[in-house]
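The file my_file00.cif contains mmCIF, C-alpha atoms:
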data_data
#
loop_
_atom_site.label_atom_id
_atom_site.label_comp_id
_atom_site.auth_asym_id
_atom_site.auth_seq_id
_atom_site.Cartn_x
_atom_site.Cartn_y
_atom_site.Cartn_z
CA MET A 1293 65.02 -116.50 12.66
CA GLU A 1294 67.13 -119.03 14.55
CA VAL A 1295 66.16 -120.53 17.89
CA SER A 1296 68.71 -122.39 20.01
CA PHE A 1297 67.67 -124.50 22.96
CA GLU A 1298 68.28 -127.85 24.61
CA LEU A 1299 66.00 -130.66 23.46
CA ASN A 1300 66.19 -133.78 25.61
CA GLY A 1301 69.71 -132.90 26.71
CA GLU A 1302 71.03 -132.10 23.22
CA PRO A 1303 71.73 -128.53 22.11
CA VAL A 1304 69.79 -127.77 18.92
CA THR A 1305 69.41 -124.77 16.61
CA VAL A 1306 66.34 -124.49 14.39
CA THR A 1307 65.48 -122.01 11.67
CA THR A 1308 61.86 -121.02 12.15
CA GLU A 1309 59.50 -118.05 12.39
CA PRO A 1310 58.25 -116.26 15.52
CA TYR A 1311 54.63 -117.02 14.64
CA VAL A 1312 55.19 -120.79 14.74
CA SER A 1313 54.19 -122.59 17.93
CA LEU A 1314 56.68 -124.79 19.77
CA LEU A 1315 54.35 -127.68 18.95
CA ASP A 1316 54.47 -127.03 15.20
CA MET A 1317 58.23 -126.44 15.27
CA LEU A 1318 58.81 -129.78 17.03
CA ARG A 1319 56.45 -131.75 14.79
CA ASP A 1320 56.93 -130.14 11.40
CA GLU A 1321 60.49 -128.88 11.51
CA MET A 1322 62.16 -131.39 13.84
CA GLY A 1323 60.11 -134.55 13.32
CA VAL A 1324 59.23 -134.94 17.02
CA LYS A 1325 55.81 -136.54 16.64
CA SER A 1326 55.29 -137.68 20.24
CA VAL A 1327 53.91 -134.24 21.06
CA LYS A 1328 50.38 -134.62 19.72
CA LYS A 1329 48.35 -131.92 18.09
CA GLY A 1330 44.84 -131.85 19.52
CA CYS A 1331 42.85 -128.71 20.31
CA GLU A 1332 45.64 -126.19 19.64
CA GLN A 1333 44.32 -123.93 22.38
CA GLY A 1334 45.87 -125.38 25.51
CA GLU A 1335 42.81 -127.30 26.66
CA CYS A 1336 43.40 -130.94 25.72
CA GLY A 1337 46.95 -131.44 27.00
CA ALA A 1338 47.99 -133.78 24.16
CA CYS A 1339 50.98 -131.56 23.38
CA THR A 1340 52.22 -131.41 26.99
CA LEU A 1341 56.01 -131.34 27.43
CA LEU A 1342 58.37 -130.02 30.08
CA LEU A 1343 59.75 -126.50 29.68
CA ASP A 1344 62.56 -125.98 32.18
CA GLY A 1345 61.06 -128.97 33.99
CA ALA A 1346 57.49 -127.64 34.27
CA PRO A 1347 54.62 -129.19 32.26
CA VAL A 1348 53.21 -126.76 29.68
CA THR A 1349 51.06 -127.08 26.57
CA SER A 1350 53.46 -126.54 23.66
CA CYS A 1351 50.67 -125.25 21.38
CA LEU A 1352 50.58 -122.04 23.45
CA VAL A 1353 54.34 -121.51 23.49
CA LEU A 1354 55.83 -119.53 20.62
CA ALA A 1355 58.96 -121.04 19.06
CA PRO A 1356 61.27 -118.12 19.97
CA GLN A 1357 60.16 -118.34 23.60
CA VAL A 1358 62.31 -121.47 24.13
CA GLU A 1359 65.53 -119.65 23.22
CA GLY A 1360 68.17 -120.75 25.75
CA ARG A 1361 65.75 -123.00 27.62
CA TYR A 1362 65.32 -126.72 28.28
CA VAL A 1363 62.65 -128.70 26.48
CA THR A 1364 61.92 -132.31 27.46
CA THR A 1365 59.60 -134.56 25.49
CA ILE A 1366 58.79 -138.16 26.33
CA GLU A 1367 61.82 -139.35 24.31
CA GLY A 1368 64.09 -137.56 26.76
CA LEU A 1369 62.76 -139.63 29.65
CA GLU A 1370 63.06 -143.02 27.95
CA LYS A 1371 65.60 -144.31 30.48
CA ASN A 1372 64.30 -142.33 33.44
CA PRO A 1373 63.41 -144.76 36.30
CA LEU A 1374 60.22 -142.88 37.23
CA MET A 1375 59.07 -142.78 33.60
CA ILE A 1376 59.83 -146.51 33.24
CA ASP A 1377 57.63 -147.21 36.30
CA LEU A 1378 54.87 -145.04 34.86
CA ARG A 1379 55.07 -146.61 31.42
CA GLU A 1380 54.86 -150.13 32.80
CA ALA A 1381 52.03 -149.19 35.15
CA PHE A 1382 50.11 -147.63 32.22
CA ILE A 1383 50.47 -150.84 30.19
CA GLU A 1384 49.64 -153.22 33.03
CA ASN A 1385 46.62 -151.20 34.20
CA GLY A 1386 45.11 -150.80 30.73
CA ALA A 1387 45.56 -147.03 30.86
CA VAL A 1388 46.20 -146.82 27.10
CA GLN A 1389 43.47 -147.29 24.50
CA CYS A 1390 43.86 -145.25 21.33
CA GLY A 1391 47.07 -143.77 22.74
CA PHE A 1392 46.67 -140.23 21.44
CA CYS A 1393 46.63 -138.66 24.90
CA THR A 1394 49.27 -140.99 26.32
CA PRO A 1395 52.50 -139.01 25.79
CA GLY A 1396 50.97 -135.84 27.25
CA MET A 1397 49.31 -137.79 30.03
CA LEU A 1398 52.64 -139.44 30.90
CA MET A 1399 54.40 -136.07 30.98
CA SER A 1400 51.80 -134.67 33.41
CA ALA A 1401 51.92 -137.85 35.50
CA TYR A 1402 55.72 -137.70 35.53
CA ALA A 1403 55.77 -134.08 36.77
CA LEU A 1404 53.18 -134.96 39.41
CA LEU A 1405 55.09 -137.96 40.84
CA ARG A 1406 58.45 -136.21 40.57
CA ASP A 1407 57.16 -133.38 42.79
CA ASN A 1408 54.83 -135.47 44.96
CA PRO A 1409 55.87 -139.17 44.93
CA HIS A 1410 52.91 -140.38 47.01
CA PRO A 1411 49.84 -138.44 45.95
CA GLY A 1412 46.27 -139.15 47.03
CA MET A 1413 43.49 -139.79 44.53
CA ASP A 1414 42.48 -136.11 44.47
CA GLU A 1415 46.04 -134.99 43.89
CA VAL A 1416 46.32 -137.39 40.95
CA LYS A 1417 43.10 -136.00 39.48
CA ARG A 1418 44.42 -132.45 39.84
CA GLY A 1419 47.76 -133.46 38.34
CA ILE A 1420 46.10 -134.65 35.13
CA GLU A 1421 43.21 -132.17 35.01
CA GLY A 1422 44.83 -130.48 32.00
CA ASN A 1423 44.87 -133.70 29.95
CA ILE A 1424 41.79 -134.98 28.17
CA CYS A 1425 41.32 -138.69 27.39
CA ARG A 1426 38.27 -139.67 25.33
CA CYS A 1427 38.73 -143.46 25.66
CA THR A 1428 39.49 -144.63 29.17
CA GLY A 1429 37.15 -142.55 31.27
CA TYR A 1430 40.27 -141.77 33.33
CA THR A 1431 39.75 -144.53 35.91
CA LYS A 1432 42.48 -146.77 34.48
CA ILE A 1433 44.85 -143.82 34.12
CA ILE A 1434 44.36 -142.77 37.75
CA GLU A 1435 44.87 -146.39 38.86
CA ALA A 1436 48.05 -146.61 36.80
CA ILE A 1437 49.50 -143.44 38.33
CA LEU A 1438 48.68 -144.62 41.86
CA ASP A 1439 50.23 -147.99 40.98
CA ALA A 1440 53.38 -146.30 39.64
CA ALA A 1441 53.62 -144.29 42.87
CA GLU A 1442 53.70 -147.54 44.82
CA ARG A 1443 56.55 -148.81 42.68
CA ILE A 1444 58.74 -145.84 43.53
CA ALA A 1445 61.46 -147.02 45.90
CA PRO A 1446 61.17 -145.28 49.28
CA GLU A 1447 64.00 -142.78 49.77
CA MET B 449 46.06 -126.54 11.47
CA ARG B 450 45.51 -123.04 12.72
CA PRO B 451 48.41 -120.89 11.61
CA LEU B 452 49.23 -117.81 13.61
CA PRO B 453 49.04 -114.48 11.84
CA ARG B 454 52.41 -112.91 11.13
CA PHE B 455 53.96 -110.54 13.63
CA GLN B 456 57.40 -109.40 14.65
CA TYR B 457 58.75 -110.77 17.90
CA HIS B 458 60.78 -108.85 20.47
CA ALA B 459 62.30 -110.27 23.64
CA PRO B 460 63.61 -107.40 25.79
CA LYS B 461 65.80 -108.30 28.76
CA THR B 462 65.08 -105.24 30.89
CA LEU B 463 61.97 -103.27 31.77
CA ALA B 464 63.55 -100.12 30.30
CA GLU B 465 63.96 -101.91 26.95
CA ALA B 466 60.38 -103.23 27.12
CA VAL B 467 59.00 -99.75 27.84
CA GLN B 468 60.98 -98.30 24.96
CA LEU B 469 59.67 -100.99 22.57
CA MET B 470 56.07 -100.37 23.68
CA ASP B 471 56.57 -96.61 23.21
CA THR B 472 58.04 -96.83 19.74
CA LEU B 473 56.37 -99.81 18.03
CA GLU B 474 53.04 -99.43 16.27
CA ASN B 475 50.29 -101.89 17.24
CA ALA B 476 52.43 -103.78 19.78
CA LYS B 477 51.05 -106.20 22.34
CA PRO B 478 52.85 -107.45 25.45
CA VAL B 479 52.81 -111.20 26.13
CA ILE B 480 53.78 -113.26 29.16
CA GLY B 481 52.27 -116.77 29.26
CA GLY B 482 50.29 -116.38 26.07
CA THR B 483 47.60 -118.67 27.48
CA ASP B 484 44.89 -116.15 26.58
CA LEU B 485 46.68 -114.32 23.79
CA VAL B 486 47.84 -117.24 21.61
CA PRO B 487 44.29 -118.65 21.17
CA LEU B 488 43.12 -115.10 20.31
CA LEU B 489 45.88 -114.83 17.71
CA LYS B 490 44.86 -118.18 16.23
CA GLU B 491 41.25 -117.01 15.98
CA ALA B 492 42.52 -113.75 14.45
CA ALA B 493 40.55 -111.98 17.18
CA CYS B 494 43.67 -109.98 17.86
CA ARG B 495 46.14 -108.88 15.18
CA PRO B 496 49.21 -107.20 16.64
CA SER B 497 52.08 -106.20 14.36
CA HIS B 498 54.58 -106.73 17.17
CA LEU B 499 54.70 -108.99 20.20
CA VAL B 500 56.81 -107.80 23.12
CA ASP B 501 57.62 -110.90 25.17
CA LEU B 502 58.21 -110.04 28.83
CA ASN B 503 59.45 -113.52 29.82
CA ASN B 504 63.10 -112.46 29.90
CA VAL B 505 62.49 -109.36 32.00
CA ALA B 506 63.75 -110.99 35.20
CA GLU B 507 63.19 -107.86 37.27
CA LEU B 508 59.40 -108.40 36.94
CA ASN B 509 59.59 -111.94 38.34
CA TYR B 510 58.83 -111.83 42.05
CA VAL B 511 56.32 -112.19 44.86
CA ARG B 512 57.56 -110.06 47.73
CA GLU B 513 56.67 -107.77 50.61
CA ARG B 514 57.70 -104.15 50.29
CA ASP B 515 56.65 -100.91 52.05
CA GLY B 516 53.62 -102.54 53.67
CA PHE B 517 52.39 -104.15 50.45
CA ILE B 518 52.40 -107.69 49.13
CA CYS B 519 53.64 -107.26 45.57
CA ILE B 520 53.22 -109.62 42.62
CA GLY B 521 55.57 -108.91 39.71
CA ALA B 522 53.93 -108.93 36.28
CA MET B 523 55.86 -112.03 35.24
CA ALA B 524 54.86 -114.17 38.23
CA THR B 525 52.88 -117.18 37.06
CA HIS B 526 49.80 -118.58 38.78
CA SER B 527 51.95 -121.52 39.95
CA GLN B 528 54.51 -119.19 41.52
CA VAL B 529 51.87 -117.12 43.29
CA ALA B 530 50.03 -120.25 44.48
CA ALA B 531 53.26 -121.67 45.95
CA SER B 532 54.38 -118.42 47.58
CA GLU B 533 54.73 -118.56 51.37
CA LEU B 534 53.82 -114.86 51.55
CA MET B 535 50.53 -115.39 49.74
CA ARG B 536 49.24 -117.60 52.57
CA ARG B 537 48.33 -114.32 54.22
CA ALA B 538 45.76 -113.82 51.46
CA PRO B 539 44.21 -117.29 51.18
CA ALA B 540 41.46 -116.28 48.72
CA VAL B 541 44.14 -115.37 46.18
CA VAL B 542 45.69 -118.82 46.60
CA ASP B 543 42.24 -120.47 46.31
CA ALA B 544 41.80 -118.78 42.94
CA VAL B 545 45.21 -118.99 41.29
CA SER B 546 45.83 -122.58 42.37
CA ARG B 547 42.75 -123.69 40.37
CA ILE B 548 42.96 -121.48 37.27
CA GLY B 549 43.00 -123.52 34.05
CA SER B 550 45.19 -126.57 34.57
CA PRO B 551 48.76 -127.21 35.80
CA GLN B 552 50.02 -126.51 32.27
CA ILE B 553 48.17 -123.17 32.13
CA ARG B 554 49.23 -122.18 35.66
CA ASN B 555 52.88 -122.80 34.77
CA ARG B 556 52.69 -120.31 31.90
CA GLY B 557 49.92 -117.82 32.62
CA SER B 558 50.51 -114.82 34.85
CA VAL B 559 48.21 -113.09 37.32
CA ALA B 560 48.98 -109.79 35.57
CA GLY B 561 47.84 -111.28 32.26
CA ASN B 562 44.69 -112.72 33.81
CA LEU B 563 43.77 -109.24 35.09
CA CYS B 564 44.74 -107.33 31.93
CA ASN B 565 42.64 -109.68 29.84
CA ALA B 566 39.77 -108.14 31.85
CA SER B 567 37.40 -111.06 31.50
CA PRO B 568 34.33 -110.71 33.76
CA ALA B 569 35.13 -114.34 34.69
CA ALA B 570 38.82 -113.81 35.54
CA ASP B 571 39.23 -115.90 38.67
CA SER B 572 42.11 -113.89 40.11
CA ALA B 573 39.99 -110.71 40.11
CA PRO B 574 37.43 -111.19 42.94
CA PRO B 575 40.07 -112.14 45.55
CA LEU B 576 42.35 -109.27 44.55
CA LEU B 577 39.37 -106.88 44.63
CA VAL B 578 38.60 -107.79 48.26
CA TYR B 579 42.24 -107.13 49.15
CA ASP B 580 41.95 -103.60 47.69
CA ALA B 581 44.62 -104.41 45.12
CA GLU B 582 46.08 -101.84 42.81
CA VAL B 583 48.05 -102.13 39.62
CA LYS B 584 51.33 -100.39 38.89
CA THR B 585 51.81 -99.45 35.26
CA VAL B 586 54.54 -97.76 33.29
CA SER B 587 54.53 -95.97 29.94
CA SER B 588 56.95 -93.46 28.47
CA GLY B 589 58.91 -93.76 31.71
CA GLU B 590 55.96 -92.63 33.81
CA THR B 591 54.72 -94.87 36.64
CA VAL B 592 51.02 -94.78 37.54
CA ILE B 593 49.08 -96.62 40.27
CA VAL B 594 45.63 -97.77 39.11
CA PRO B 595 43.08 -99.11 41.63
CA LEU B 596 42.11 -102.58 40.38
CA PRO B 597 38.40 -101.71 39.78
CA GLU B 598 39.53 -99.00 37.37
CA LEU B 599 41.64 -101.44 35.35
CA PHE B 600 38.41 -103.14 34.25
CA ALA B 601 36.79 -100.85 31.69
CA GLY B 602 34.32 -103.41 30.32
CA PRO B 603 34.04 -107.03 29.25
CA LYS B 604 37.53 -107.96 27.99
CA ILE B 605 38.46 -104.27 27.87
CA ASN B 606 41.10 -102.81 30.15
CA CYS B 607 41.78 -99.13 30.77
CA LEU B 608 45.40 -99.26 29.61
CA GLU B 609 46.84 -97.07 26.87
CA PRO B 610 48.30 -99.06 23.93
CA ASN B 611 51.87 -98.46 25.17
CA GLU B 612 51.12 -98.93 28.88
CA LEU B 613 52.63 -101.96 30.64
CA VAL B 614 51.48 -103.43 33.94
CA THR B 615 54.59 -104.08 36.04
CA GLU B 616 53.12 -105.08 39.38
CA ILE B 617 49.96 -105.93 41.29
CA ARG B 618 50.04 -105.06 44.97
CA PHE B 619 47.79 -104.92 48.00
CA PRO B 620 48.30 -103.83 51.63
CA VAL B 621 49.68 -106.57 53.89
CA PRO B 622 46.51 -107.94 55.52
CA PRO B 623 46.28 -107.85 59.33
CA GLY B 624 46.75 -111.12 61.21
CA SER B 625 43.12 -110.99 62.36
CA SER B 626 41.89 -111.25 58.77
CA SER B 627 41.16 -114.12 56.44
CA SER B 628 39.40 -114.76 53.16
CA SER B 629 38.06 -117.36 50.77
CA PHE B 630 37.32 -117.66 47.06
CA LYS B 631 34.90 -120.15 45.56
CA ARG B 632 33.47 -120.66 42.11
CA ILE B 633 30.68 -122.58 40.43
CA ALA B 634 31.52 -124.08 37.04
CA ARG B 635 30.73 -127.15 34.95
CA ARG B 636 33.97 -128.81 36.02
CA LYS B 637 36.81 -127.89 38.36
CA ALA B 638 39.49 -127.49 35.69
CA PHE B 639 39.45 -125.10 32.76
CA THR B 640 35.84 -124.00 32.45
CA LEU B 641 34.92 -120.39 32.96
CA SER B 642 33.13 -119.67 36.22
CA ILE B 643 29.35 -119.40 36.01
CA VAL B 644 29.61 -117.35 39.21
CA SER B 645 32.58 -116.74 41.47
CA ALA B 646 32.86 -114.99 44.81
CA ALA B 647 35.48 -113.84 47.27
CA ALA B 648 34.89 -112.82 50.88
CA TYR B 649 37.34 -111.08 53.21
CA VAL B 650 36.76 -110.67 56.95
CA GLU B 651 38.70 -108.78 59.60
CA MET B 652 37.70 -109.99 63.05
CA ASP B 653 38.02 -108.43 66.50
CA GLY B 654 37.04 -111.29 68.79
CA ASP B 655 33.53 -112.25 67.71
CA ILE B 656 32.91 -109.01 65.84
CA CYS B 657 33.64 -108.62 62.16
CA ASN B 658 35.22 -105.17 61.94
CA GLU B 659 35.34 -105.16 58.21
CA ALA B 660 33.92 -107.40 55.52
CA ARG B 661 34.62 -107.15 51.81
CA VAL B 662 32.84 -109.09 49.09
CA ALA B 663 33.41 -109.40 45.34
CA PHE B 664 31.74 -111.38 42.57
CA GLY B 665 32.84 -112.56 39.13
CA SER B 666 30.77 -113.40 36.02
CA VAL B 667 27.71 -111.43 37.16
CA ALA B 668 28.43 -108.05 35.54
CA GLU B 669 30.44 -106.53 32.70
CA THR B 670 33.49 -106.64 34.98
CA PRO B 671 34.36 -108.36 38.25
CA ILE B 672 32.71 -106.24 40.98
CA ARG B 673 32.73 -105.43 44.68
CA ALA B 674 29.40 -105.48 46.54
CA PRO B 675 29.54 -102.52 48.95
CA GLU B 676 25.92 -102.80 50.12
CA VAL B 677 26.55 -106.41 51.15
CA GLU B 678 29.76 -105.40 52.91
CA LYS B 679 27.87 -102.73 54.90
CA LEU B 680 25.38 -105.30 56.20
CA LEU B 681 28.19 -107.58 57.40
CA SER B 682 30.67 -105.09 58.86
CA GLY B 683 30.38 -104.52 62.61
CA THR B 684 28.27 -107.64 63.21
CA GLU B 685 28.97 -111.03 64.77
CA LEU B 686 28.36 -112.70 61.40
CA ASP B 687 25.53 -114.68 62.99
CA SER B 688 23.40 -116.81 60.73
CA LYS B 689 20.61 -114.20 60.51
CA THR B 690 23.03 -111.50 59.35
CA ILE B 691 24.60 -113.83 56.83
CA SER B 692 21.20 -114.82 55.38
CA GLU B 693 20.25 -111.16 55.08
CA ALA B 694 23.56 -110.44 53.36
CA ALA B 695 22.96 -113.37 51.00
CA GLU B 696 19.57 -111.87 50.06
CA ALA B 697 21.24 -108.49 49.56
CA ALA B 698 23.90 -110.14 47.40
CA LYS B 699 21.21 -111.54 45.09
CA ARG B 700 19.60 -108.10 44.83
CA SER B 701 22.93 -106.35 44.27
CA VAL B 702 23.79 -108.09 41.01
CA ALA B 703 22.21 -107.86 37.56
CA PRO B 704 23.78 -110.75 35.63
CA VAL B 705 22.89 -111.79 32.10
CA THR B 706 21.73 -115.15 30.79
CA ASP B 707 24.30 -116.82 28.53
CA VAL B 708 25.45 -120.29 27.51
CA ARG B 709 26.99 -120.90 30.93
CA GLY B 710 23.97 -120.07 33.05
CA THR B 711 20.77 -118.08 33.43
CA ALA B 712 20.53 -114.71 35.16
CA GLU B 713 18.22 -116.24 37.81
CA TYR B 714 20.68 -119.04 38.54
CA ARG B 715 23.57 -116.62 38.79
CA LYS B 716 21.68 -114.39 41.23
CA ALA B 717 20.77 -117.35 43.40
CA MET B 718 24.34 -118.63 43.37
CA CYS B 719 25.68 -115.25 44.51
CA GLY B 720 23.76 -115.81 47.73
CA VAL B 721 25.00 -119.38 48.06
CA LEU B 722 28.63 -118.49 47.37
CA LEU B 723 28.50 -115.52 49.73
CA GLU B 724 27.47 -117.82 52.59
CA ARG B 725 30.05 -120.45 51.68
CA THR B 726 32.96 -118.04 51.32
CA LEU B 727 32.09 -116.21 54.55
CA HIS B 728 31.96 -119.47 56.51
CA ALA B 729 35.21 -120.65 54.93
CA ALA B 730 36.98 -117.33 55.66
CA VAL B 731 35.84 -117.28 59.30
CA GLY B 732 36.68 -120.98 59.62
CA ARG B 733 40.25 -120.28 58.61
CA LEU B 734 40.69 -117.98 61.60
CA SER B 735 39.69 -120.58 64.20
#

Target encoding structure tokens, full file:
Amino acid sequence: MEVSFELNGEPVTVTTEPYVSLLDMLRDEMGVKSVKKGCEQGECGACTLLLDGAPVTSCLVLAPQVEGRYVTTIEGLEKNPLMIDLREAFIENGAVQCGFCTPGMLMSAYALLRDNPHPGMDEVKRGIEGNICRCTGYTKIIEAILDAAERIAPE
Amino acid sequence: MRPLPRFQYHAPKTLAEAVQLMDTLENAKPVIGGTDLVPLLKEAACRPSHLVDLNNVAELNYVRERDGFICIGAMATHSQVAASELMRRAPAVVDAVSRIGSPQIRNRGSVAGNLCNASPAADSAPPLLVYDAEVKTVSSGETVIVPLPELFAGPKINCLEPNELVTEIRFPVPPGSSSSSFKRIARRKAFTLSIVSAAAYVEMDGDICNEARVAFGSVAETPIRAPEVEKLLSGTELDSKTISEAAEAAKRSVAPVTDVRGTAEYRKAMCGVLLERTLHAAVGRLS
């Protein structure tokens, strides 16, 4: 079957099967390797991307379910000012160790700050509660997100 | 790599089309968020021949008030319900759905799916039970209203016929003098299944609690109401003595099992603790 959707602002059409997950379609059929394959049951958050702007775990989305919809991976936010702030804050705060969780973590952090530019510590923790990191112990990641929030220019 | 078993995929755009597909296809399963179903497919714990995706059935996507009921369309996600202005009138429901899974799960999973999955630990169940919720279903063009307790036929078993679709969950608009609270005990706040969960609803007339309703999750084969506890609380001032007695009754009223998440003794004890906490929180919300 064919699935047509918008990936990072570009219309794409992919030949796939209904029993393929969005994660597998992106990685194996489209070469988008920034969405990481971790638990494959929606619990680790490594495959987080934005579907119509909302963070979801792409391992639980079936390929045909994105027909006519908007998919954003970290590549699509490369020049986004908020994502640039987040990326720099992650680097400067030591929020990246092995890096496997980083793309998913950045997508969750991006959605959090986009909707709530000045979150408290608890709100940050809730924003990333669906993303597991086995290296940092989360402290550096939380600090980086709070730091990025401070970099956001007041409206 | 965990490949999904093969199935045929259908994406109806109207409820009428969805009903027709469910009526005619053999071994068909409806899907909304897939947050429970996709892992089951991967484990081959569920092997449908057809998936009927309800995500494009826009007429099932709402949270609205109608004919004296607050109605949740089958497609409404946990995030949508949690953010709904209307749902502030039923705070226990918001307590539950705003903490189910993770943001990613709440953006995909639906309240209807959480209920139909019929897990004894479904967090949306105890709050909806205390609001006397009912479920609207349709099959072969026939609409049926099922009281929520009857939806739960056993652990992970619902009472629905293979072709029966849930279209809506609804409960009477609560009076302004009422409030509620839902709390759970689990290993961590995100994701984990509740070891015990509880919801309490109170309707106050001055200092007197005219009506109290209590429900527990993860302590029986299905989420359950606790009528004997409700009787002790209704018509009282909810003074500390009454609440302690009700907490004791709550412990006696449940017969949980011991499993990997917790022992039966712990679960019983926590029913008492959560009853007190949810009652205080519900009353606190009215002051």

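Selecting chain B residues within 7 Å of chain A and counting all atoms listed in the file yields Leu452, Pro453, Arg454, Phe455, Gln456, Tyr457, Gly482, Thr483, Val486, Pro487, Ser550, Pro551, Gln552, Ile553, Asn555, Arg556 and Ala638 of chain B.
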
Pull C-alpha atoms from the residues just selected and write them as a PDB file, in the coordinates of the input.
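Produced file again-v4.pdb, reproduced below:
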ATOM      1  CA  LEU B 452      49.230-117.810  13.610  1.00  0.00           C
ATOM      2  CA  PRO B 453      49.040-114.480  11.840  1.00  0.00           C
ATOM      3  CA  ARG B 454      52.410-112.910  11.130  1.00  0.00           C
ATOM      4  CA  PHE B 455      53.960-110.540  13.630  1.00  0.00           C
ATOM      5  CA  GLN B 456      57.400-109.400  14.650  1.00  0.00           C
ATOM      6  CA  TYR B 457      58.750-110.770  17.900  1.00  0.00           C
ATOM      7  CA  GLY B 482      50.290-116.380  26.070  1.00  0.00           C
ATOM      8  CA  THR B 483      47.600-118.670  27.480  1.00  0.00           C
ATOM      9  CA  VAL B 486      47.840-117.240  21.610  1.00  0.00           C
ATOM     10  CA  PRO B 487      44.290-118.650  21.170  1.00  0.00           C
ATOM     11  CA  SER B 550      45.190-126.570  34.570  1.00  0.00           C
ATOM     12  CA  PRO B 551      48.760-127.210  35.800  1.00  0.00           C
ATOM     13  CA  GLN B 552      50.020-126.510  32.270  1.00  0.00           C
ATOM     14  CA  ILE B 553      48.170-123.170  32.130  1.00  0.00           C
ATOM     15  CA  ASN B 555      52.880-122.800  34.770  1.00  0.00           C
ATOM     16  CA  ARG B 556      52.690-120.310  31.900  1.00  0.00           C
ATOM     17  CA  ALA B 638      39.490-127.490  35.690  1.00  0.00           C
TER      18      ALA B 638
END

Q.
I need the output of the PyMOL selection byres ((chain B and resi 670-685) around 8) for this file as a PyMOL selection string; which residues are they?
A. chain B and resi 566-570+573-574+577-578+597+600-603+655-669+686-687+690-691+693-695+697-698+701

Q) Could you state the separation of atom CA of Ala466 of chain B and atom CA of Asp484 of chain B in Å, given to one decimal place? A) 20.2 Å

Could you produce a table of the residues of segment 566-637 of chain B lying within 8 Å of segment 502-520 of chain B, with the nearest pair of atoms per residue and their separation in Å rounded to one decimal, using only C-alpha atoms, ordered by chain and increasing residue number, as a tab-separated table?
residue	atom	partner	partner_atom	distance
B:Thr615	CA	B:Leu508	CA	6.5
B:Glu616	CA	B:Ile520	CA	5.6
B:Ile617	CA	B:Ile520	CA	5.1
B:Arg618	CA	B:Cys519	CA	4.3
B:Phe619	CA	B:Phe517	CA	5.3
B:Pro620	CA	B:Phe517	CA	4.3
B:Val621	CA	B:Phe517	CA	5.0

Q.
If the PyMOL selection byres ((chain A and resi 1382) around 9) were run on this exact file, what residues would it hold? Put them as a PyMOL selection string.
A. chain A and resi 1377-1381+1383-1388+1394+1398+1432-1433+1435-1437+1439-1440

**Q.** Best match for closeness to Val721 of chain B among B:Asp707, B:Glu598, B:Glu651, B:Glu696, counting all atoms listed in the file
**A.**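 Closest candidate: B:Glu696.
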
Q. In Å, with one decimal, what is the gap from atom CA of Val1327 of chain A to atom CA of Pro1395 of chain A?
A. 6.9 Å

Q | Chain and number of each residue from the PyMOL selection byres ((chain B and resi 530) around 7), as a PyMOL selection string | A | chain B and resi 526-529+531-532+542+545-546

Take the selection from the previous step and output its residues with C-alpha atoms, as a JSON list (two decimals), in the coordinates of the input.
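This went into selection37.json:
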[["chain", "number", "residue", "atom", "x", "y", "z"],
["B", 526, "HIS", "CA", 49.80, -118.58, 38.78],
["B", 527, "SER", "CA", 51.95, -121.52, 39.95],
["B", 528, "GLN", "CA", 54.51, -119.19, 41.52],
["B", 529, "VAL", "CA", 51.87, -117.12, 43.29],
["B", 531, "ALA", "CA", 53.26, -121.67, 45.95],
["B", 532, "SER", "CA", 54.38, -118.42, 47.58],
["B", 542, "VAL", "CA", 45.69, -118.82, 46.60],
["B", 545, "VAL", "CA", 45.21, -118.99, 41.29],
["B", 546, "SER", "CA", 45.83, -122.58, 42.37]]

Return as lines of an AutoDock Vina configuration file the box centre and box size in Å, one decimal, for an axis-aligned box around all listed atoms of segment 635-641 of chain B padded by 8 Å per side.
center_x = 35.1
center_y = -124.6
center_z = 35.4
size_x = 24.8
size_y = 24.4
size_z = 21.9

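Counting from atom CA of Ala730 of chain B, the distance to atom CA of Phe639 of chain B is 24.3 Å.
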
Q.
Just want the 8 Å neighbourhood of segment 579-586 of chain B, counted on all atoms listed in the file, with same-chain residues fewer than 4 positions away dropped. Output as a ChimeraX atom specification.
A. /B:467,538,575,590-596,599,612-620,622,649

Q | Spatial neighbours of Asn475 of chain B, max dist 8 Å, only C-alpha atoms, sep filter under 5 positions, as a PyMOL selection string | A | chain B and resi 496-498+610
